[in-house]
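Dropping start.csv in here (CSV, C-alpha atoms):
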chain,number,residue,atom,x,y,z
A,1,MET,CA,100.5,28.0,92.2
A,2,ASP,CA,97.1,27.6,93.7
A,3,LEU,CA,95.6,24.2,93.0
A,4,ARG,CA,92.2,25.1,94.3
A,5,PRO,CA,90.6,26.1,91.0
A,6,LEU,CA,91.7,22.8,89.4
A,7,LEU,CA,90.3,20.9,92.4
A,8,CYS,CA,87.0,22.7,92.1
A,9,ALA,CA,86.8,22.0,88.4
A,10,ALA,CA,87.5,18.4,89.1
A,11,LEU,CA,84.8,18.3,91.8
A,12,LEU,CA,82.2,19.7,89.4
A,13,GLY,CA,83.2,17.1,86.9
A,14,ALA,CA,82.9,14.5,89.6
A,15,ALA,CA,79.3,15.5,90.5
A,16,ALA,CA,78.3,15.1,86.9
A,17,SER,CA,79.9,11.8,86.2
A,18,ALA,CA,78.8,10.2,89.6
A,19,GLN,CA,75.2,10.3,88.2
A,20,ALA,CA,76.3,7.7,85.7
A,21,ALA,CA,76.4,5.4,88.8
A,22,ASP,CA,79.0,3.2,87.1
A,23,ALA,CA,81.7,2.1,89.5
A,24,ALA,CA,85.1,3.8,88.8
A,25,GLY,CA,86.9,0.8,90.3
A,26,ILE,CA,86.8,-2.2,92.6
A,27,VAL,CA,88.7,-2.9,95.8
A,28,LYS,CA,91.0,-5.9,95.2
A,29,ARG,CA,93.1,-6.2,98.3
A,30,LEU,CA,93.2,-4.8,101.8
A,31,GLN,CA,94.6,-5.3,105.2
A,32,GLY,CA,94.1,-3.5,108.5
A,33,ALA,CA,91.7,-0.7,109.0
A,34,VAL,CA,90.3,0.8,105.7
A,35,THR,CA,87.1,2.8,105.4
A,36,LEU,CA,85.3,4.4,102.4
A,37,GLN,CA,83.7,7.8,103.0
A,38,ARG,CA,80.8,8.6,100.6
A,39,GLY,CA,78.3,11.4,101.0
A,40,GLY,CA,79.1,11.9,104.7
A,41,GLN,CA,78.8,8.2,105.5
A,42,SER,CA,81.6,5.8,106.5
A,43,LEU,CA,81.2,2.5,104.7
A,44,PRO,CA,83.0,-0.8,105.3
A,45,VAL,CA,85.4,-2.1,102.7
A,46,ALA,CA,86.0,-5.7,101.4
A,47,PRO,CA,87.4,-7.2,98.3
A,48,GLY,CA,84.9,-6.5,95.6
A,49,THR,CA,83.6,-3.2,97.0
A,50,ALA,CA,82.8,-0.8,94.2
A,51,VAL,CA,84.5,2.6,94.3
A,52,GLN,CA,82.8,5.6,92.8
A,53,VAL,CA,83.8,9.1,91.8
A,54,GLY,CA,83.8,11.3,94.9
A,55,ASP,CA,84.7,8.5,97.2
A,56,ARG,CA,87.4,9.0,99.8
A,57,LEU,CA,89.4,6.0,101.0
A,58,VAL,CA,91.0,6.3,104.4
A,59,THR,CA,93.5,3.8,105.8
A,60,GLY,CA,94.5,3.5,109.4
A,61,ALA,CA,98.0,3.2,110.8
A,62,ASP,CA,98.0,-0.5,109.9
A,63,GLY,CA,95.8,-0.2,106.8
A,64,THR,CA,96.6,-0.7,103.1
A,65,VAL,CA,94.1,-0.9,100.2
A,66,GLY,CA,94.6,-1.8,96.5
A,67,ILE,CA,92.0,-0.7,93.9
A,68,THR,CA,91.8,-1.5,90.2
A,69,LEU,CA,90.0,1.1,88.1
A,70,ALA,CA,87.9,0.3,85.0
A,71,ASP,CA,90.8,1.2,82.7
A,72,ASP,CA,93.2,-1.2,84.5
A,73,THR,CA,94.8,1.6,86.5
A,74,LEU,CA,96.1,0.1,89.8
A,75,LEU,CA,96.1,2.3,92.9
A,76,THR,CA,97.6,1.1,96.2
A,77,ALA,CA,97.4,3.4,99.3
A,78,GLY,CA,99.6,2.6,102.2
A,79,PRO,CA,99.1,3.2,106.0
A,80,GLY,CA,97.8,6.5,107.2
A,81,SER,CA,96.6,7.6,103.8
A,82,THR,CA,93.6,9.6,102.5
A,83,LEU,CA,92.9,9.1,98.8
A,84,LEU,CA,90.1,10.9,97.0
A,85,ILE,CA,88.9,9.9,93.5
A,86,ASN,CA,88.0,13.4,92.2
A,87,ASP,CA,87.2,12.4,88.6
A,88,PHE,CA,87.2,9.3,86.5
A,89,ARG,CA,85.7,8.8,83.0
A,90,PHE,CA,86.5,5.9,80.7
A,91,ASP,CA,85.1,4.8,77.3
A,92,SER,CA,85.9,1.1,77.0
A,93,THR,CA,85.5,1.1,73.2
A,94,THR,CA,88.0,4.0,72.5
A,95,ASN,CA,90.0,3.8,75.8
A,96,GLU,CA,89.6,7.5,76.1
A,97,GLY,CA,88.8,9.2,79.4
A,98,GLY,CA,90.4,11.0,82.3
A,99,LEU,CA,91.5,10.4,85.9
A,100,LEU,CA,92.2,12.8,88.7
A,101,ALA,CA,93.0,11.4,92.2
A,102,SER,CA,94.1,13.4,95.3
A,103,LEU,CA,96.5,11.9,97.9
A,104,LEU,CA,95.7,14.2,100.8
A,105,LYS,CA,98.3,12.4,103.0
A,106,GLY,CA,100.1,9.1,103.1
A,107,THR,CA,101.6,7.0,100.3
A,108,LEU,CA,100.3,5.9,96.9
A,109,HIS,CA,101.6,3.5,94.3
A,110,VAL,CA,100.2,4.0,90.8
A,111,VAL,CA,100.3,1.8,87.7
A,112,THR,CA,98.6,3.7,85.0
A,113,GLY,CA,96.1,2.0,82.7
A,114,LEU,CA,94.5,2.3,79.3
A,115,ILE,CA,93.6,6.0,79.6
A,116,ALA,CA,97.2,6.9,80.1
A,117,ARG,CA,98.1,5.1,76.9
A,118,GLN,CA,95.4,6.8,74.8
A,119,THR,CA,95.1,10.3,76.5
A,120,PRO,CA,98.0,10.6,79.0
A,121,GLN,CA,97.4,14.3,79.4
A,122,ASN,CA,94.1,13.5,81.1
A,123,VAL,CA,95.7,11.4,83.9
A,124,ASN,CA,96.8,13.4,87.0
A,125,VAL,CA,97.5,12.8,90.7
A,126,GLN,CA,97.7,15.7,93.1
A,127,THR,CA,98.8,16.4,96.6
A,128,ARG,CA,98.5,19.5,98.7
A,129,ASN,CA,101.6,21.1,97.2
A,130,ALA,CA,102.1,19.3,93.9
A,131,LEU,CA,100.4,18.0,90.7
A,132,MET,CA,101.8,15.0,89.0
A,133,GLY,CA,101.1,14.7,85.2
A,134,VAL,CA,101.4,11.2,83.8
A,135,ARG,CA,102.8,10.1,80.5
A,136,GLY,CA,102.3,6.3,80.7
A,137,THR,CA,104.1,5.1,83.8
A,138,GLU,CA,104.4,3.6,87.2
A,139,PHE,CA,105.3,5.6,90.3
A,140,ILE,CA,105.1,6.3,94.0
A,141,VAL,CA,103.8,9.5,95.7
A,142,ASP,CA,104.6,10.1,99.4
A,143,ALA,CA,102.8,13.1,100.9
A,144,ARG,CA,104.4,13.9,104.2
A,145,SER,CA,102.4,17.0,105.0
A,146,ASP,CA,99.0,16.6,106.6
A,147,GLU,CA,98.5,20.2,107.5
A,148,PRO,CA,95.1,21.7,106.5
B,1,MET,CA,126.5,42.6,110.7
B,2,MET,CA,122.7,42.4,111.2
B,3,PRO,CA,121.8,42.1,107.5
B,4,ARG,CA,124.4,39.3,107.2
B,5,LEU,CA,122.9,37.5,110.1
B,6,LEU,CA,119.5,37.8,108.6
B,7,ALA,CA,120.7,36.5,105.3
B,8,LEU,CA,122.3,33.6,107.1
B,9,ALA,CA,119.1,32.9,109.0
B,10,ALA,CA,117.1,33.0,105.7
B,11,VAL,CA,119.4,30.5,104.2
B,12,LEU,CA,119.2,28.2,107.2
B,13,LEU,CA,115.4,28.5,107.3
B,14,ALA,CA,115.1,27.6,103.7
B,15,GLY,CA,117.3,24.6,104.4
B,16,CYS,CA,115.0,23.6,107.2
B,17,ALA,CA,111.8,23.8,105.2
B,18,PRO,CA,110.2,20.3,105.6
B,19,LEU,CA,110.0,17.8,102.8
B,20,THR,CA,106.3,17.7,101.9
B,21,GLU,CA,106.2,15.3,99.0
B,22,ARG,CA,108.4,12.7,97.5
B,23,VAL,CA,107.7,11.3,94.1
B,24,ILE,CA,109.6,8.4,92.5
B,25,LEU,CA,109.3,7.2,88.9
B,26,LEU,CA,109.5,3.4,88.7
B,27,PRO,CA,110.4,1.2,85.7
B,28,ALA,CA,107.4,-0.5,84.1
B,29,ALA,CA,107.0,-3.9,85.8
B,30,ASP,CA,105.5,-5.5,82.7
B,31,SER,CA,104.1,-4.8,79.3
B,32,ALA,CA,100.9,-3.2,80.8
B,33,GLY,CA,102.4,0.2,80.2
B,34,GLY,CA,103.8,-0.8,76.9
B,35,GLY,CA,107.0,-1.9,78.6
B,36,ARG,CA,108.2,1.7,78.9
B,37,THR,CA,109.1,3.6,82.0
B,38,GLY,CA,107.3,6.6,80.6
B,39,ALA,CA,107.6,10.0,82.3
B,40,LEU,CA,106.0,12.1,85.0
B,41,SER,CA,105.9,15.8,85.4
B,42,VAL,CA,105.9,17.1,89.0
B,43,LYS,CA,104.5,20.6,89.3
B,44,ALA,CA,104.7,22.5,92.6
B,45,THR,CA,104.1,26.0,93.8
B,46,ARG,CA,107.6,27.1,93.0
B,47,GLY,CA,108.6,25.1,90.0
B,48,GLU,CA,108.1,22.1,87.8
B,49,LEU,CA,110.4,19.2,86.7
B,50,LEU,CA,110.2,16.1,84.6
B,51,LEU,CA,111.0,12.6,85.9
B,52,ALA,CA,112.0,10.6,82.8
B,53,GLU,CA,114.5,7.9,84.0
B,54,PRO,CA,113.8,4.9,86.2
B,55,TYR,CA,114.1,5.8,89.9
B,56,ALA,CA,114.3,9.5,89.2
B,57,GLN,CA,113.0,11.2,92.4
B,58,ALA,CA,111.4,14.6,93.1
B,59,ASP,CA,111.5,15.9,96.6
B,60,VAL,CA,109.2,18.9,97.2
B,61,ILE,CA,110.7,21.2,99.8
B,62,GLY,CA,109.2,24.6,100.5
B,63,GLY,CA,107.1,24.3,97.3
B,64,GLU,CA,110.2,23.6,95.2
B,65,PRO,CA,110.6,20.3,93.5
B,66,ARG,CA,114.3,19.1,93.5
B,67,LEU,CA,115.6,16.3,91.3
B,68,LEU,CA,117.3,13.4,93.0
B,69,LYS,CA,118.0,9.8,92.3
B,70,SER,CA,116.5,6.8,94.2
B,71,SER,CA,117.4,3.1,93.7
B,72,PRO,CA,115.7,-0.3,93.7
B,73,GLU,CA,117.1,-0.9,97.2
B,74,ALA,CA,115.9,2.4,98.6
B,75,VAL,CA,112.4,1.9,97.1
B,76,ARG,CA,112.2,-1.7,98.5
B,77,ALA,CA,113.3,-0.5,102.0
B,78,ALA,CA,110.8,2.5,102.2
B,79,TYR,CA,107.9,1.2,100.1
B,80,GLY,CA,108.2,-2.6,100.0
B,81,ALA,CA,105.1,-3.2,102.0
B,82,LEU,CA,103.1,-0.8,99.7
B,83,LEU,CA,104.3,-2.5,96.6
B,84,ALA,CA,103.4,-5.9,98.0
B,85,MET,CA,99.8,-4.9,98.4
B,86,GLN,CA,99.2,-4.0,94.7
B,87,PRO,CA,96.1,-5.4,93.1
B,88,PRO,CA,96.9,-8.3,90.7
B,89,ARG,CA,97.8,-7.2,87.1
B,90,PRO,CA,95.0,-7.9,84.7
B,91,ARG,CA,95.2,-11.3,83.0
B,92,ARG,CA,93.9,-12.2,79.6
B,93,PHE,CA,92.3,-15.4,78.4
B,94,VAL,CA,91.0,-16.4,75.0
B,95,VAL,CA,88.5,-19.2,74.2
B,96,ASN,CA,87.4,-20.2,70.6
B,97,PHE,CA,84.2,-21.4,69.0
B,98,GLU,CA,83.0,-23.8,66.4
B,99,LEU,CA,81.8,-22.3,63.1
B,100,GLY,CA,78.6,-20.3,63.1
B,101,GLY,CA,77.5,-20.8,66.7
B,102,ASP,CA,78.2,-20.5,70.4
B,103,LYS,CA,79.6,-24.0,70.9
B,104,LEU,CA,83.1,-23.8,72.5
B,105,THR,CA,85.9,-25.7,70.9
B,106,PRO,CA,87.3,-28.7,73.0
B,107,ASP,CA,90.6,-26.8,73.3
B,108,SER,CA,88.8,-24.0,75.2
B,109,GLU,CA,87.7,-26.1,78.2
B,110,PRO,CA,91.1,-26.1,79.9
B,111,VAL,CA,91.2,-22.3,79.6
B,112,LEU,CA,87.9,-22.1,81.4
B,113,GLU,CA,89.3,-24.4,84.1
B,114,GLN,CA,92.3,-22.0,84.5
B,115,LEU,CA,89.8,-19.1,84.8
B,116,ARG,CA,87.8,-21.1,87.5
B,117,LEU,CA,91.0,-21.6,89.5
B,118,ALA,CA,92.0,-17.9,89.1
B,119,LEU,CA,88.5,-16.8,90.2
B,120,ALA,CA,88.7,-18.9,93.3
B,121,ALA,CA,91.9,-17.2,94.3
B,122,ASN,CA,90.7,-13.7,93.8
B,123,ALA,CA,87.8,-12.6,96.1
B,124,GLY,CA,87.4,-9.2,94.5
B,125,ALA,CA,87.7,-10.3,90.9
B,126,ASP,CA,85.9,-8.6,88.0
B,127,LEU,CA,85.6,-9.8,84.4
B,128,VAL,CA,85.4,-8.0,81.1
B,129,ILE,CA,84.1,-10.4,78.4
B,130,VAL,CA,84.2,-9.4,74.7
B,131,GLY,CA,82.9,-11.6,71.9
B,132,HIS,CA,84.1,-11.7,68.3
B,133,THR,CA,83.3,-13.6,65.1
B,134,ASP,CA,85.0,-14.4,61.8
B,135,ARG,CA,83.7,-12.7,58.6
B,136,VAL,CA,81.2,-15.4,57.5
B,137,GLY,CA,77.7,-13.9,57.5
B,138,SER,CA,76.4,-10.3,57.7
B,139,VAL,CA,77.8,-7.7,59.9
B,140,GLU,CA,74.5,-7.6,61.8
B,141,SER,CA,74.2,-11.3,62.4
B,142,ASN,CA,77.8,-11.3,63.5
B,143,ASP,CA,77.1,-8.6,66.0
B,144,ARG,CA,74.4,-10.8,67.5
B,145,LEU,CA,76.6,-13.9,67.4
B,146,SER,CA,79.5,-12.2,69.1
B,147,LEU,CA,77.3,-11.0,72.0
B,148,GLN,CA,75.8,-14.5,72.2
B,149,ARG,CA,79.2,-16.0,72.5
B,150,ALA,CA,80.2,-13.6,75.2
B,151,GLN,CA,76.9,-14.4,77.1
B,152,THR,CA,77.7,-18.1,76.9
B,153,VAL,CA,81.1,-17.5,78.5
B,154,ARG,CA,79.4,-15.3,81.1
B,155,GLU,CA,77.1,-18.1,82.1
B,156,ARG,CA,80.0,-20.6,82.4
B,157,LEU,CA,82.0,-18.2,84.6
B,158,ILE,CA,79.0,-17.5,86.9
B,159,ALA,CA,78.7,-21.2,87.3
B,160,ALA,CA,82.4,-21.3,88.1
B,161,GLY,CA,81.8,-18.7,91.0
B,162,ALA,CA,82.2,-15.3,89.3
B,163,ALA,CA,80.0,-12.5,90.8
B,164,PRO,CA,77.4,-11.5,88.2
B,165,GLU,CA,77.4,-7.8,89.2
B,166,ARG,CA,81.2,-7.7,88.5
B,167,ILE,CA,81.0,-9.0,84.9
B,168,SER,CA,80.7,-6.7,81.9
B,169,VAL,CA,79.9,-8.2,78.5
B,170,ALA,CA,80.2,-6.8,75.0
B,171,GLY,CA,80.1,-8.1,71.4
B,172,ARG,CA,82.3,-6.5,68.7
B,173,GLY,CA,81.1,-8.7,65.8
B,174,GLU,CA,83.6,-9.1,63.0
B,175,ARG,CA,85.1,-5.6,63.5
B,176,GLU,CA,88.2,-6.5,65.5
B,177,PRO,CA,89.7,-9.7,64.0
B,178,ALA,CA,92.7,-11.4,65.6
B,179,VAL,CA,93.7,-12.3,62.1
B,180,PRO,CA,92.6,-9.9,59.3
B,181,THR,CA,90.8,-11.8,56.4
B,182,ASP,CA,88.7,-11.1,53.3
B,183,ASP,CA,84.9,-11.1,53.8
B,184,GLU,CA,83.2,-14.5,54.1
B,185,VAL,CA,86.4,-16.3,55.1
B,186,ALA,CA,85.9,-18.8,58.0
B,187,GLU,CA,88.9,-18.1,60.3
B,188,PRO,CA,88.8,-20.2,63.5
B,189,ARG,CA,91.2,-17.8,65.4
B,190,ASN,CA,88.7,-15.0,64.9
B,191,ARG,CA,85.7,-17.0,66.4
B,192,ARG,CA,86.7,-16.1,69.9
B,193,VAL,CA,85.8,-14.5,73.2
B,194,GLU,CA,88.5,-12.5,75.0
B,195,ILE,CA,88.2,-12.5,78.8
B,196,LYS,CA,90.1,-10.0,81.0
B,197,LEU,CA,90.3,-11.0,84.7
B,198,ARG,CA,91.2,-8.3,87.2

Starting from the file, give its structure as structure tokens.
Amino acid sequence: MDLRPLLCAALLGAAASAQAADAAGIVKRLQGAVTLQRGGQSLPVAPGTAVQVGDRLVTGADGTVGITLADDTLLTAGPGSTLLINDFRFDSTTNEGGLLASLLKGTLHVVTGLIARQTPQNVNVQTRNALMGVRGTEFIVDARSDEP
Amino acid sequence: MMPRLLALAAVLLAGCAPLTERVILLPAADSAGGGRTGALSVKATRGELLLAEPYAQADVIGGEPRLLKSSPEAVRAAYGALLAMQPPRPRRFVVNFELGGDKLTPDSEPVLEQLRLALAANAGADLVIVGHTDRVGSVESNDRLSLQRAQTVRERLIAAGAAPERISVAGRGEREPAVPTDDEVAEPRNRRVEIKLR
């Protein structure tokens, strides 16, 4: 299975929804080296930093970061991780929306939020070799491979 | 002899393919997920499987997901530090109002004090504030009143140290009662603002 078409579709979706300029989430906790890569720039991260669709969070060997998305999804990335928020849409009135995040390497703990309760088929986490489809749940993904 | 050796080599190589992904389904820690463990499908290049039990584990090796079983002990040993850095679970607070206006009931002041303490302990906090009314008055006037109540709570929480740019405010009027009533019934429990602290 080639995940590239899916990723490309998600990136197109990301470009459209990023214009809404609403934060997808907020950094809640961090320790060690954590940077946020946005539009070719590397930005500092602190509790309260807004995370947008298209952002890439990179943790160092001693770094961990915890983010809460607008639908109450909790994402925690462990040391040596690269996490990309490909797509996030959330309607706070109907709780409908979608989430696609990519763990390019490292570890990720996920507690799914309101979208997964309303439209679980729209919540996905992918790695280089696998796609996780959520049905209302909490889980860990550990991506060992960091080959290109 | 040669084909046999090749076959053996192929088996050994397949056995040596590296583990590329490990996925573990955890039991729901609280009622945020409806209290259910839920399920997770893991789809890789050479197969798909469903994790449906707590601590079910998928190891992806050579593109093939294999079903294994983890345990609370194994998860704690390998991922304890990760689990310890989770953002706080969202917390919910409710304050109530006197009839027909945006004056908080005396009972609501201790709730605001709890919120003030929680805000002080959470540097990255964000707040979702949603106002509601009972069914006395028109739908339109209740839409306005519910928003006004939410704004009142917003001002109080900004004074308590909340970051204005991380507060969202909405009014739902009489549409989402805590206690369903007939029209024009004054129900104190429905005159409320619900606050979600994350």

What's around Glu98 (chain B) at 8 Å? Count only C-alpha atoms, leave out sequence neighbours fewer than 5 positions away in its own chain, and write the answer as a ChimeraX atom specification.
/B:103-105,188,191

Expressed in Å, the length from CA of Asp72 (chain A) to CA of Ala150 (chain B) is 20.2 Å

Who sits within 8 Å of Met85 (chain B), all atoms listed in the file, same chain under 5 positions skipped, as a PyMOL selection string
chain A and resi 29-30+64-66+76

Against chain B, which residues of chain A fall within 6 Å? For each one I want the closest pair of atoms and the distance in Å (one decimal), counting only C-alpha atoms, rows by chain and increasing residue number, as a tab-separated table.
residue	atom	partner	partner_atom	distance
A:Met1	CA	B:Thr45	CA	4.4
A:Lys28	CA	B:Gly124	CA	4.9
A:Pro47	CA	B:Gly124	CA	4.3
A:Gly48	CA	B:Gly124	CA	3.8
A:Gly66	CA	B:Pro87	CA	5.2
A:Thr76	CA	B:Gln86	CA	5.6
A:Gly78	CA	B:Leu82	CA	5.5
A:Asn129	CA	B:Ala44	CA	5.7
A:Ala130	CA	B:Ala44	CA	4.3
A:Leu131	CA	B:Lys43	CA	5.1
A:Met132	CA	B:Val42	CA	4.6
A:Gly133	CA	B:Ser41	CA	4.9
A:Val134	CA	B:Leu40	CA	4.8
A:Arg135	CA	B:Ala39	CA	5.1
A:Gly136	CA	B:Gly38	CA	5.0
A:Thr137	CA	B:Gly38	CA	4.8
A:Glu138	CA	B:Leu26	CA	5.3
A:Phe139	CA	B:Leu25	CA	4.5
A:Ile140	CA	B:Ile24	CA	5.2
A:Val141	CA	B:Val23	CA	4.6
A:Asp142	CA	B:Arg22	CA	5.0
A:Ala143	CA	B:Glu21	CA	4.5
A:Arg144	CA	B:Thr20	CA	4.8
A:Ser145	CA	B:Thr20	CA	5.0

May I have the residues within 7 Å of region 88-93 of chain A as an MDAnalysis selection string, using all atoms listed in the file and disregarding those fewer than 2 positions away in the same chain?
chainID A and resid 24 53 71 95:100

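Between Ala77 (chain A) and the residues A:Ala50, A:Leu43, A:Arg117, A:Gln31, the shortest atom-to-atom distance, using all atoms listed in the file, involves A:Gln31.
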
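You can rank B:Val153, B:Ala77, B:Ile167, B:Ala120 by their closest distance to Phe93 (chain B) using all atoms listed in the file, and at the top of that list sits B:Val153.
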